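Dropping coords-v9.cif in here (mmCIF, C-alpha atoms):
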data_entry
#
loop_
_atom_site.label_atom_id
_atom_site.label_comp_id
_atom_site.auth_asym_id
_atom_site.auth_seq_id
_atom_site.Cartn_x
_atom_site.Cartn_y
_atom_site.Cartn_z
CA MET A 1 8.76 17.15 6.50
CA ARG A 2 8.59 14.68 9.38
CA LEU A 3 6.33 14.39 12.41
CA ARG A 4 6.74 11.97 15.30
CA VAL A 5 3.87 10.26 17.08
CA ASP A 6 5.24 10.03 20.60
CA LEU A 7 3.73 6.91 22.16
CA ALA A 8 5.24 3.98 24.09
CA ASN A 9 6.21 2.67 20.64
CA PRO A 10 6.74 5.90 18.68
CA TYR A 11 6.69 6.18 14.91
CA ASP A 12 7.38 8.78 12.24
CA ILE A 13 5.16 10.32 9.58
CA ASP A 14 6.98 11.51 6.47
CA ILE A 15 5.12 14.05 4.32
CA GLY A 16 6.00 15.46 0.91
CA GLU A 17 6.38 14.86 -2.80
CA ASN A 18 8.08 11.59 -3.76
CA VAL A 19 8.51 10.31 -0.18
CA ILE A 20 7.50 6.89 -1.52
CA GLU A 21 11.00 6.79 -3.03
CA GLU A 22 12.37 6.47 0.52
CA LEU A 23 10.45 3.23 1.11
CA ASN A 24 13.04 0.82 -0.31
CA THR A 25 15.82 2.25 1.86
CA TYR A 26 13.55 2.09 4.90
CA LEU A 27 12.68 -1.56 4.23
CA LYS A 28 16.33 -2.53 3.76
CA GLY A 29 17.20 -0.85 7.04
CA PHE A 30 14.37 -2.24 9.21
CA TYR A 31 12.96 -5.31 7.44
CA PRO A 32 15.80 -6.72 5.29
CA ASN A 33 14.67 -10.35 5.60
CA SER A 34 10.91 -9.89 5.75
CA LYS A 35 8.35 -11.13 3.29
CA ILE A 36 5.86 -8.38 2.52
CA LEU A 37 2.10 -8.51 2.14
CA VAL A 38 0.71 -5.57 0.18
CA ILE A 39 -2.98 -4.82 0.76
CA SER A 40 -4.52 -2.38 -1.71
CA ASP A 41 -7.60 -1.86 -3.86
CA ASP A 42 -8.15 -2.51 -7.55
CA TYR A 43 -8.71 1.09 -8.63
CA LEU A 44 -5.66 2.49 -6.86
CA TYR A 45 -3.33 -0.35 -7.79
CA LYS A 46 -3.99 0.07 -11.50
CA ILE A 47 -2.82 3.68 -11.24
CA HIS A 48 0.03 3.50 -8.75
CA GLY A 49 0.93 -0.18 -8.30
CA GLU A 50 4.10 0.09 -10.38
CA LYS A 51 5.42 2.91 -8.20
CA LEU A 52 5.05 0.76 -5.12
CA GLU A 53 6.49 -2.37 -6.71
CA LYS A 54 9.56 -0.41 -7.79
CA GLU A 55 10.22 0.22 -4.09
CA LEU A 56 9.83 -3.47 -3.30
CA HIS A 57 12.74 -4.46 -5.54
CA GLY A 58 14.78 -7.15 -3.81
CA PHE A 59 11.91 -8.25 -1.55
CA THR A 60 9.52 -11.18 -1.77
CA PHE A 61 5.95 -9.94 -1.70
CA ASN A 62 2.35 -10.94 -2.36
CA LYS A 63 -0.62 -8.71 -3.09
CA TYR A 64 -4.15 -8.88 -1.74
CA ILE A 65 -6.32 -6.57 -3.82
CA LEU A 66 -9.71 -5.46 -2.54
CA LYS A 67 -12.51 -4.05 -4.63
CA ASN A 68 -12.52 -0.26 -4.27
CA GLY A 69 -15.17 1.09 -1.92
CA GLU A 70 -16.52 1.07 1.63
CA LYS A 71 -18.33 -2.23 1.16
CA SER A 72 -14.93 -3.97 1.07
CA LYS A 73 -14.42 -3.11 4.74
CA SER A 74 -16.20 -6.29 5.76
CA THR A 75 -15.71 -9.23 8.11
CA GLU A 76 -15.79 -11.52 5.07
CA ASN A 77 -12.80 -9.78 3.50
CA LEU A 78 -10.99 -9.69 6.84
CA ILE A 79 -11.30 -13.47 7.20
CA ASP A 80 -10.21 -13.95 3.59
CA ILE A 81 -7.03 -11.90 4.13
CA LEU A 82 -6.25 -13.93 7.27
CA GLU A 83 -6.64 -17.17 5.30
CA PHE A 84 -4.56 -15.76 2.45
CA ALA A 85 -1.71 -14.90 4.84
CA ALA A 86 -1.81 -18.35 6.43
CA GLU A 87 -1.86 -20.11 3.05
CA ASN A 88 1.18 -18.08 2.00
CA GLU A 89 3.01 -18.89 5.24
CA TYR A 90 3.50 -15.40 6.62
CA ARG A 91 5.42 -15.27 9.89
CA ARG A 92 5.64 -12.74 12.71
CA SER A 93 8.89 -11.40 11.27
CA ASP A 94 7.06 -10.34 8.10
CA LEU A 95 5.51 -7.00 7.20
CA VAL A 96 2.22 -5.60 5.92
CA ILE A 97 2.02 -2.50 3.71
CA ALA A 98 -1.37 -0.80 3.57
CA PHE A 99 -1.38 0.99 0.22
CA GLY A 100 -4.55 2.95 -0.37
CA GLY A 101 -7.23 5.01 1.31
CA GLY A 102 -9.13 4.63 4.56
CA VAL A 103 -10.82 1.33 3.73
CA VAL A 104 -7.49 -0.30 2.91
CA GLY A 105 -5.80 1.19 5.97
CA ASP A 106 -8.55 0.19 8.38
CA ILE A 107 -8.83 -3.44 7.29
CA SER A 108 -5.04 -3.82 6.92
CA GLY A 109 -4.46 -2.54 10.42
CA LEU A 110 -7.07 -4.84 11.93
CA PHE A 111 -5.69 -7.82 10.01
CA SER A 112 -2.18 -6.95 11.24
CA SER A 113 -3.37 -6.82 14.86
CA LEU A 114 -5.02 -10.24 14.60
CA TYR A 115 -2.75 -12.42 12.45
CA LEU A 116 -0.34 -14.38 14.70
CA ARG A 117 -1.39 -11.87 17.41
CA GLY A 118 0.42 -9.06 15.64
CA LEU A 119 2.41 -8.27 12.49
CA ASP A 120 4.22 -5.00 11.91
CA PHE A 121 2.55 -2.80 9.32
CA ILE A 122 3.21 0.52 7.66
CA MET A 123 0.76 2.94 6.11
CA VAL A 124 1.07 4.47 2.65
CA PRO A 125 -2.13 6.55 2.41
CA THR A 126 -3.09 7.64 -1.09
CA THR A 127 -6.11 9.86 -0.37
CA PHE A 128 -6.30 13.27 1.28
CA LEU A 129 -8.80 11.88 3.79
CA SER A 130 -6.67 8.94 4.87
CA ALA A 131 -3.53 11.10 4.97
CA ILE A 132 -5.00 13.42 7.62
CA ASP A 133 -7.20 10.93 9.42
CA SER A 134 -7.14 7.14 9.41
CA SER A 135 -3.46 6.55 8.60
CA VAL A 136 -2.38 7.94 11.98
CA GLY A 137 -3.61 7.05 15.43
CA GLY A 138 -4.03 3.28 15.43
CA LYS A 139 -7.80 2.94 14.96
CA THR A 140 -8.45 -0.14 12.83
CA ALA A 141 -11.83 -1.66 11.99
CA VAL A 142 -14.27 -3.32 9.67
CA ASN A 143 -17.99 -2.65 9.45
CA LEU A 144 -20.85 -4.80 10.67
CA LYS A 145 -24.40 -4.80 9.33
CA ALA A 146 -25.48 -2.73 12.33
CA GLY A 147 -22.98 0.07 11.77
CA LYS A 148 -19.54 1.38 10.84
CA ASN A 149 -16.32 0.37 12.58
CA LEU A 150 -18.03 -1.85 15.15
CA CYS A 151 -15.39 -4.59 14.89
CA GLY A 152 -11.94 -3.16 15.52
CA ALA A 153 -8.85 -2.68 17.64
CA PHE A 154 -6.23 -0.09 18.46
CA TYR A 155 -3.01 -1.03 16.67
CA GLN A 156 -0.39 1.51 15.68
CA PRO A 157 1.64 1.39 12.45
CA LYS A 158 5.43 1.37 12.49
CA LYS A 159 5.74 4.16 9.91
CA VAL A 160 3.57 6.38 7.70
CA PHE A 161 4.60 7.62 4.24
CA ILE A 162 2.38 10.43 2.91
CA ASP A 163 3.41 11.12 -0.68
CA THR A 164 1.41 14.14 -1.82
CA ASN A 165 1.88 13.18 -5.47
CA PHE A 166 -0.68 10.42 -4.97
CA LEU A 167 -3.31 13.01 -4.05
CA LYS A 168 -3.01 14.66 -7.46
CA THR A 169 -4.68 11.69 -9.15
CA LEU A 170 -7.77 11.79 -6.92
CA SER A 171 -11.11 12.74 -8.44
CA ASP A 172 -12.40 16.13 -7.33
CA TYR A 173 -15.12 14.39 -5.31
CA TYR A 174 -12.68 12.32 -3.28
CA PHE A 175 -10.24 15.16 -2.84
CA LYS A 176 -13.10 17.14 -1.31
CA ASP A 177 -13.69 14.16 0.99
CA GLY A 178 -10.43 15.15 2.66
CA LEU A 179 -11.48 18.79 2.82
CA GLY A 180 -14.48 17.75 4.92
CA GLU A 181 -12.11 16.29 7.52
CA ALA A 182 -9.70 19.22 7.28
CA ILE A 183 -12.57 21.62 7.99
CA LYS A 184 -13.30 19.54 11.09
CA TYR A 185 -9.78 20.12 12.44
CA GLY A 186 -10.24 23.83 11.89
CA MET A 187 -13.54 23.82 13.74
CA ILE A 188 -12.33 21.93 16.81
CA ARG A 189 -8.73 23.07 17.34
CA ASP A 190 -7.04 25.35 14.79
CA ARG A 191 -9.14 28.09 13.25
CA SER A 192 -6.35 28.94 10.80
CA ILE A 193 -7.13 25.71 8.91
CA PHE A 194 -10.75 26.72 8.46
CA GLU A 195 -9.81 30.26 7.52
CA GLU A 196 -7.30 29.11 4.90
CA ILE A 197 -9.80 26.71 3.32
CA SER A 198 -12.40 29.48 3.39
CA LYS A 199 -10.22 32.20 1.84
CA GLU A 200 -8.06 30.21 -0.58
CA ASN A 201 -8.95 27.80 -3.37
CA VAL A 202 -7.62 24.55 -1.93
CA THR A 203 -7.25 22.06 -4.78
CA LYS A 204 -5.13 19.00 -5.51
CA SER A 205 -2.37 21.28 -6.79
CA TYR A 206 -2.60 23.82 -3.97
CA PRO A 207 1.03 24.63 -3.05
CA ASN A 208 0.36 24.83 0.69
CA LEU A 209 -1.41 21.46 0.88
CA PRO A 210 1.46 19.74 2.74
CA SER A 211 1.23 22.46 5.40
CA ILE A 212 -2.50 21.82 5.87
CA ILE A 213 -1.79 18.10 6.19
CA LYS A 214 0.90 18.82 8.77
CA LYS A 215 -1.40 21.09 10.80
CA CYS A 216 -4.13 18.44 10.87
CA LEU A 217 -1.72 15.70 11.89
CA ASN A 218 -0.12 17.84 14.59
CA ILE A 219 -3.55 18.06 16.18
CA LYS A 220 -4.22 14.36 15.79
CA LYS A 221 -0.86 13.12 17.08
CA ASP A 222 -1.12 15.29 20.19
CA LEU A 223 -4.61 13.98 20.95
CA VAL A 224 -3.49 10.40 20.34
CA LYS A 225 -0.56 10.88 22.71
CA GLU A 226 -2.88 12.21 25.41
CA ASP A 227 -5.67 9.66 24.91
CA GLU A 228 -4.56 6.76 22.72
CA LYS A 229 -7.58 4.52 23.42
CA ASP A 230 -10.24 7.19 22.82
CA TYR A 231 -11.78 7.33 26.30
CA GLY A 232 -11.61 11.10 26.69
CA ILE A 233 -10.21 14.10 24.82
CA ARG A 234 -9.48 12.15 21.61
CA GLN A 235 -13.24 11.93 21.09
CA ILE A 236 -13.24 15.53 19.86
CA LEU A 237 -11.92 14.13 16.56
CA ASN A 238 -15.42 12.70 16.12
CA TYR A 239 -17.00 16.12 15.63
CA GLY A 240 -19.80 15.64 13.10
CA HIS A 241 -19.16 11.89 12.96
CA THR A 242 -22.14 10.62 14.97
CA PHE A 243 -24.57 11.73 12.27
CA ALA A 244 -21.99 11.21 9.52
CA HIS A 245 -21.73 7.46 10.05
CA ALA A 246 -25.52 7.15 10.01
CA ILE A 247 -25.72 9.27 6.84
CA GLU A 248 -23.15 7.05 5.12
CA ILE A 249 -25.07 3.90 5.99
CA LYS A 250 -28.48 5.29 5.01
CA SER A 251 -27.08 6.45 1.66
CA ASN A 252 -25.69 2.94 1.09
CA PHE A 253 -22.28 4.65 1.08
CA LYS A 254 -23.13 6.78 -1.96
CA ILE A 255 -22.30 9.69 0.34
CA SER A 256 -18.67 9.09 1.26
CA HIS A 257 -17.11 9.70 4.65
CA GLY A 258 -15.73 13.22 4.28
CA HIS A 259 -18.90 14.51 2.62
CA ALA A 260 -20.96 12.89 5.38
CA VAL A 261 -18.76 14.50 8.04
CA ALA A 262 -19.39 17.90 6.44
CA LEU A 263 -23.15 17.27 6.60
CA GLY A 264 -22.88 16.03 10.18
CA MET A 265 -21.02 19.19 11.18
CA LYS A 266 -23.62 21.31 9.39
CA ILE A 267 -26.34 19.79 11.60
CA MET A 268 -24.29 20.51 14.72
CA VAL A 269 -23.44 24.06 13.68
CA LYS A 270 -27.08 24.91 13.02
CA TYR A 271 -28.09 23.76 16.50
CA PHE A 272 -25.15 24.90 18.65
CA TYR A 273 -23.44 27.72 16.69
CA GLU A 274 -26.23 29.40 14.77
CA ASP A 275 -24.40 32.73 14.44
CA PHE A 276 -21.75 30.93 12.40
CA TYR A 277 -24.14 28.84 10.30
CA TYR A 278 -24.19 31.07 7.22
CA GLU A 279 -20.38 31.32 7.07
CA PHE A 280 -20.01 27.57 7.59
CA VAL A 281 -22.48 26.64 4.86
CA LYS A 282 -20.83 29.12 2.51
CA VAL A 283 -17.56 27.15 2.79
CA LEU A 284 -19.36 23.84 2.24
CA GLU A 285 -21.04 25.24 -0.87
CA LYS A 286 -17.70 26.50 -2.19
CA TYR A 287 -16.36 22.93 -2.21
CA ASP A 288 -19.60 21.13 -3.21
CA LEU A 289 -19.94 19.63 0.25
CA ASP A 290 -23.45 20.91 0.96
CA TYR A 291 -26.62 19.18 -0.12
CA ASP A 292 -29.97 18.27 1.39
CA ILE A 293 -30.58 14.98 3.13
CA ASP A 294 -33.96 13.60 4.10
CA PHE A 295 -33.29 10.35 5.92
CA ASP A 296 -35.89 9.22 8.42
CA THR A 297 -35.18 10.46 11.94
CA GLU A 298 -35.77 7.12 13.64
CA ASP A 299 -33.52 5.31 11.17
CA ILE A 300 -30.73 7.77 11.91
CA ILE A 301 -31.16 7.54 15.69
CA LYS A 302 -31.22 3.73 15.58
CA ILE A 303 -27.81 3.73 13.90
CA CYS A 304 -26.48 6.34 16.34
CA LYS A 305 -27.40 4.08 19.26
CA VAL A 306 -24.61 1.66 18.31
CA ASP A 307 -22.07 4.49 18.01
CA LYS A 308 -18.96 3.77 20.07
CA LYS A 309 -19.53 6.98 22.08
CA SER A 310 -22.93 5.79 23.36
CA ARG A 311 -23.40 4.43 26.88
CA GLU A 312 -26.79 3.01 27.91
CA ASP A 313 -29.32 5.72 27.03
CA LYS A 314 -26.81 8.53 26.52
CA ILE A 315 -24.20 9.50 23.96
CA ASN A 316 -21.20 11.83 23.92
CA ILE A 317 -21.37 14.44 21.19
CA ILE A 318 -18.83 17.09 20.25
CA ILE A 319 -20.04 20.67 20.04
CA VAL A 320 -18.41 23.86 18.77
CA LYS A 321 -19.64 27.25 19.96
CA LYS A 322 -16.53 29.20 18.96
CA LEU A 323 -14.30 28.54 15.96
CA GLY A 324 -11.20 26.58 16.98
CA THR A 325 -12.56 25.30 20.30
CA CYS A 326 -14.92 22.51 21.28
CA GLU A 327 -16.30 20.50 24.16
CA ILE A 328 -17.72 17.05 24.82
CA LEU A 329 -21.35 16.97 25.89
CA LYS A 330 -23.28 13.94 27.17
CA ILE A 331 -26.91 13.94 26.06
CA ASN A 332 -29.80 11.50 25.81
CA PHE A 333 -31.17 10.23 22.53
CA ASN A 334 -34.28 12.39 22.71
CA ASP A 335 -32.00 15.42 22.60
CA LEU A 336 -30.03 13.88 19.74
CA ARG A 337 -33.32 13.43 17.90
CA LYS A 338 -34.12 17.14 18.35
CA ILE A 339 -30.71 18.12 16.98
CA TYR A 340 -31.21 16.02 13.85
CA GLU A 341 -34.77 17.25 13.30
CA ASN A 342 -33.57 20.86 13.59
CA ARG A 343 -31.43 20.44 10.46
#
Taking this structure as input, can you express it in the form of structure tokens?
Amino acid sequence: MRLRVDLANPYDIDIGENVIEELNTYLKGFYPNSKILVISDDYLYKIHGEKLEKELHGFTFNKYILKNGEKSKSTENLIDILEFAAENEYRRSDLVIAFGGGVVGDISGLFSSLYLRGLDFIMVPTTFLSAIDSSVGGKTAVNLKAGKNLCGAFYQPKKVFIDTNFLKTLSDYYFKDGLGEAIKYGMIRDRSIFEEISKENVTKSYPNLPSIIKKCLNIKKDLVKEDEKDYGIRQILNYGHTFAHAIEIKSNFKISHGHAVALGMKIMVKYFYEDFYYEFVKVLEKYDLDYDIDFDTEDIIKICKVDKKSREDKINIIIVKKLGTCEILKINFNDLRKIYENR
């Protein structure tokens, strides 16, 4: 199946089993004379690197392999990739392939936006989370010591290949990372996503998984079209994320993004949608996404103050009071403190 992100420079998202096998034809059609820079991580490349390299037959390419994990999304690695590209004489006619999960996609996109003031890049997400979230929409970033995604840019890919076969090799923990984000889409826009995840047993081999991915991306691409630079309605995609980013940092990234988003949503549901709290937690428990956190309130609020949705002494938060709908609410940090302490 194919979706189109309809921006000033539109691009396609191809979804399905074995879509990676279309990559070589795509490259020959659009980048026949380009040198390719593959950015990936060590864990993923050991498992799937040969599949990608098969599609690069006939092309000159180099690999930059990051260590797997959120800590690789750093300014130090960003600078190192820039130096690597310069040393290997990459030109503006060349191409970047981001082959991996959200960390790889985020740093690859930011590198592509910076090097020579812009290289084309394509996304090949290999996790459920990156397939429905970071691979589409143009948000690129690395982390700073003060918080997540504080150094970044908006830079859209030229193409996205989502091969669902890659998702079958994920650990259960990281597959459930994606479920945390999928639940978010159900909460804010399409209740059928939440209801399906609630009623069915959504696993790596779930036959309707491509349909869930498509539903999530339909929501995202429409919001990106309406608000590409995240000044307004696109912010609803950050439901649960304000606390989630702080939870990730305080756990030293032992709690990964999708799990943290689930916990962030749980806090919001308890405060703003109490009648739904039991049903929501029941779904989290079903997929091992619910556990207790006890991070210091002031530590959490300090991290939230550098959230990109904060302005002076206020912050935009996303609230859900009815399944499938949401709103943006501007509050002060004392109110945010009360919400966290109510958990």
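Comparing A:Lys54, A:Lys28, A:His257, A:Lys46 by their smallest distance to A:Ser134, the closest is A:His257 (using only C-alpha atoms).
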Review point. If I put a ball of radius 6 Å at (-8.0, 4.7, 5.9) in the file's coordinates, which residues poke into it when counting only C-alpha atoms, written as a ChimeraX atom specification?
Key: /A:101-106,130,134-135
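In this structure, atom CA of A:Gly100 sits 9.6 Å away from atom CA of A:Phe166.
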Exercise for review: Have a look at atom CA of A:Lys148 and atom CA of A:Tyr340 and let me know their distance in Å, one decimal.
Suggested key: 19.0 Å
Selection dump of the PyMOL selection byres ((chain A and resi 58) around 12), as a PDB file with C-alpha atoms, in the coordinates of the input:
ATOM      1  CA  ASN A  24      13.040   0.820  -0.310  1.00  0.00           C
ATOM      2  CA  THR A  25      15.820   2.250   1.860  1.00  0.00           C
ATOM      3  CA  LEU A  27      12.680  -1.560   4.230  1.00  0.00           C
ATOM      4  CA  LYS A  28      16.330  -2.530   3.760  1.00  0.00           C
ATOM      5  CA  TYR A  31      12.960  -5.310   7.440  1.00  0.00           C
ATOM      6  CA  PRO A  32      15.800  -6.720   5.290  1.00  0.00           C
ATOM      7  CA  ASN A  33      14.670 -10.350   5.600  1.00  0.00           C
ATOM      8  CA  SER A  34      10.910  -9.890   5.750  1.00  0.00           C
ATOM      9  CA  LYS A  35       8.350 -11.130   3.290  1.00  0.00           C
ATOM     10  CA  ILE A  36       5.860  -8.380   2.520  1.00  0.00           C
ATOM     11  CA  GLU A  53       6.490  -2.370  -6.710  1.00  0.00           C
ATOM     12  CA  LYS A  54       9.560  -0.410  -7.790  1.00  0.00           C
ATOM     13  CA  GLU A  55      10.220   0.220  -4.090  1.00  0.00           C
ATOM     14  CA  LEU A  56       9.830  -3.470  -3.300  1.00  0.00           C
ATOM     15  CA  HIS A  57      12.740  -4.460  -5.540  1.00  0.00           C
ATOM     16  CA  PHE A  59      11.910  -8.250  -1.550  1.00  0.00           C
ATOM     17  CA  THR A  60       9.520 -11.180  -1.770  1.00  0.00           C
ATOM     18  CA  PHE A  61       5.950  -9.940  -1.700  1.00  0.00           C
TER      19      PHE A  61
END
Point to revise | Interatomic distance (Å, one decimal) between atom CA of A:Val96 and atom CA of A:Ile39 | key: 7.4 Å
**Study point:** Test item: the PyMOL selection byres ((chain A and resi 281) around 10) resolved as a count of residues only
**Key:** 19
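Nearest residue to A:Asn18, choosing from A:Lys199, A:Arg4, A:Lys204, A:Lys51 and counting all atoms listed in the file: A:Lys51.
Applied to the file shown here, the PyMOL selection byres ((chain A and resi 219) around 10) selects Ile132, Tyr185, Gly186, Ile188, Arg189, Asp190, Lys214, Lys215, Cys216, Leu217, Asn218, Lys220, Lys221, Asp222, Leu223, Val224, Arg234 and Leu237 of chain A.
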Restricting it to C-alpha atoms, dump the selection as an mmCIF file, in the coordinates of the input.
data_model
loop_
_atom_site.group_PDB
_atom_site.id
_atom_site.type_symbol
_atom_site.label_atom_id
_atom_site.label_comp_id
_atom_site.auth_asym_id
_atom_site.auth_seq_id
_atom_site.Cartn_x
_atom_site.Cartn_y
_atom_site.Cartn_z
ATOM 1 C CA ILE A 132 -5.000 13.420 7.620
ATOM 2 C CA TYR A 185 -9.780 20.120 12.440
ATOM 3 C CA GLY A 186 -10.240 23.830 11.890
ATOM 4 C CA ILE A 188 -12.330 21.930 16.810
ATOM 5 C CA ARG A 189 -8.730 23.070 17.340
ATOM 6 C CA ASP A 190 -7.040 25.350 14.790
ATOM 7 C CA LYS A 214 0.900 18.820 8.770
ATOM 8 C CA LYS A 215 -1.400 21.090 10.800
ATOM 9 C CA CYS A 216 -4.130 18.440 10.870
ATOM 10 C CA LEU A 217 -1.720 15.700 11.890
ATOM 11 C CA ASN A 218 -0.120 17.840 14.590
ATOM 12 C CA LYS A 220 -4.220 14.360 15.790
ATOM 13 C CA LYS A 221 -0.860 13.120 17.080
ATOM 14 C CA ASP A 222 -1.120 15.290 20.190
ATOM 15 C CA LEU A 223 -4.610 13.980 20.950
ATOM 16 C CA VAL A 224 -3.490 10.400 20.340
ATOM 17 C CA ARG A 234 -9.480 12.150 21.610
ATOM 18 C CA LEU A 237 -11.920 14.130 16.560
#
Point to revise | Among listed residues A:Val320, A:Ile236, A:Leu110, A:Val306, nearest A:Thr140 (using only C-alpha atoms) | key: A:Leu110
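Distance check against A:Glu341 using only C-alpha atoms: of A:Gly29, A:Asp275, A:Met268, A:Glu327, the minimum falls on A:Met268.
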Padding 6 Å on each side, edges along x, y and z: where is the centre of the box around the listed atoms of stretch 321-340 of chain A, and how long are its edges in Å to one decimal? Output it as AutoDock Vina command-line options.
--center_x -22.7 --center_y 19.7 --center_z 20.5 --size_x 35.1 --size_y 31.0 --size_z 25.3
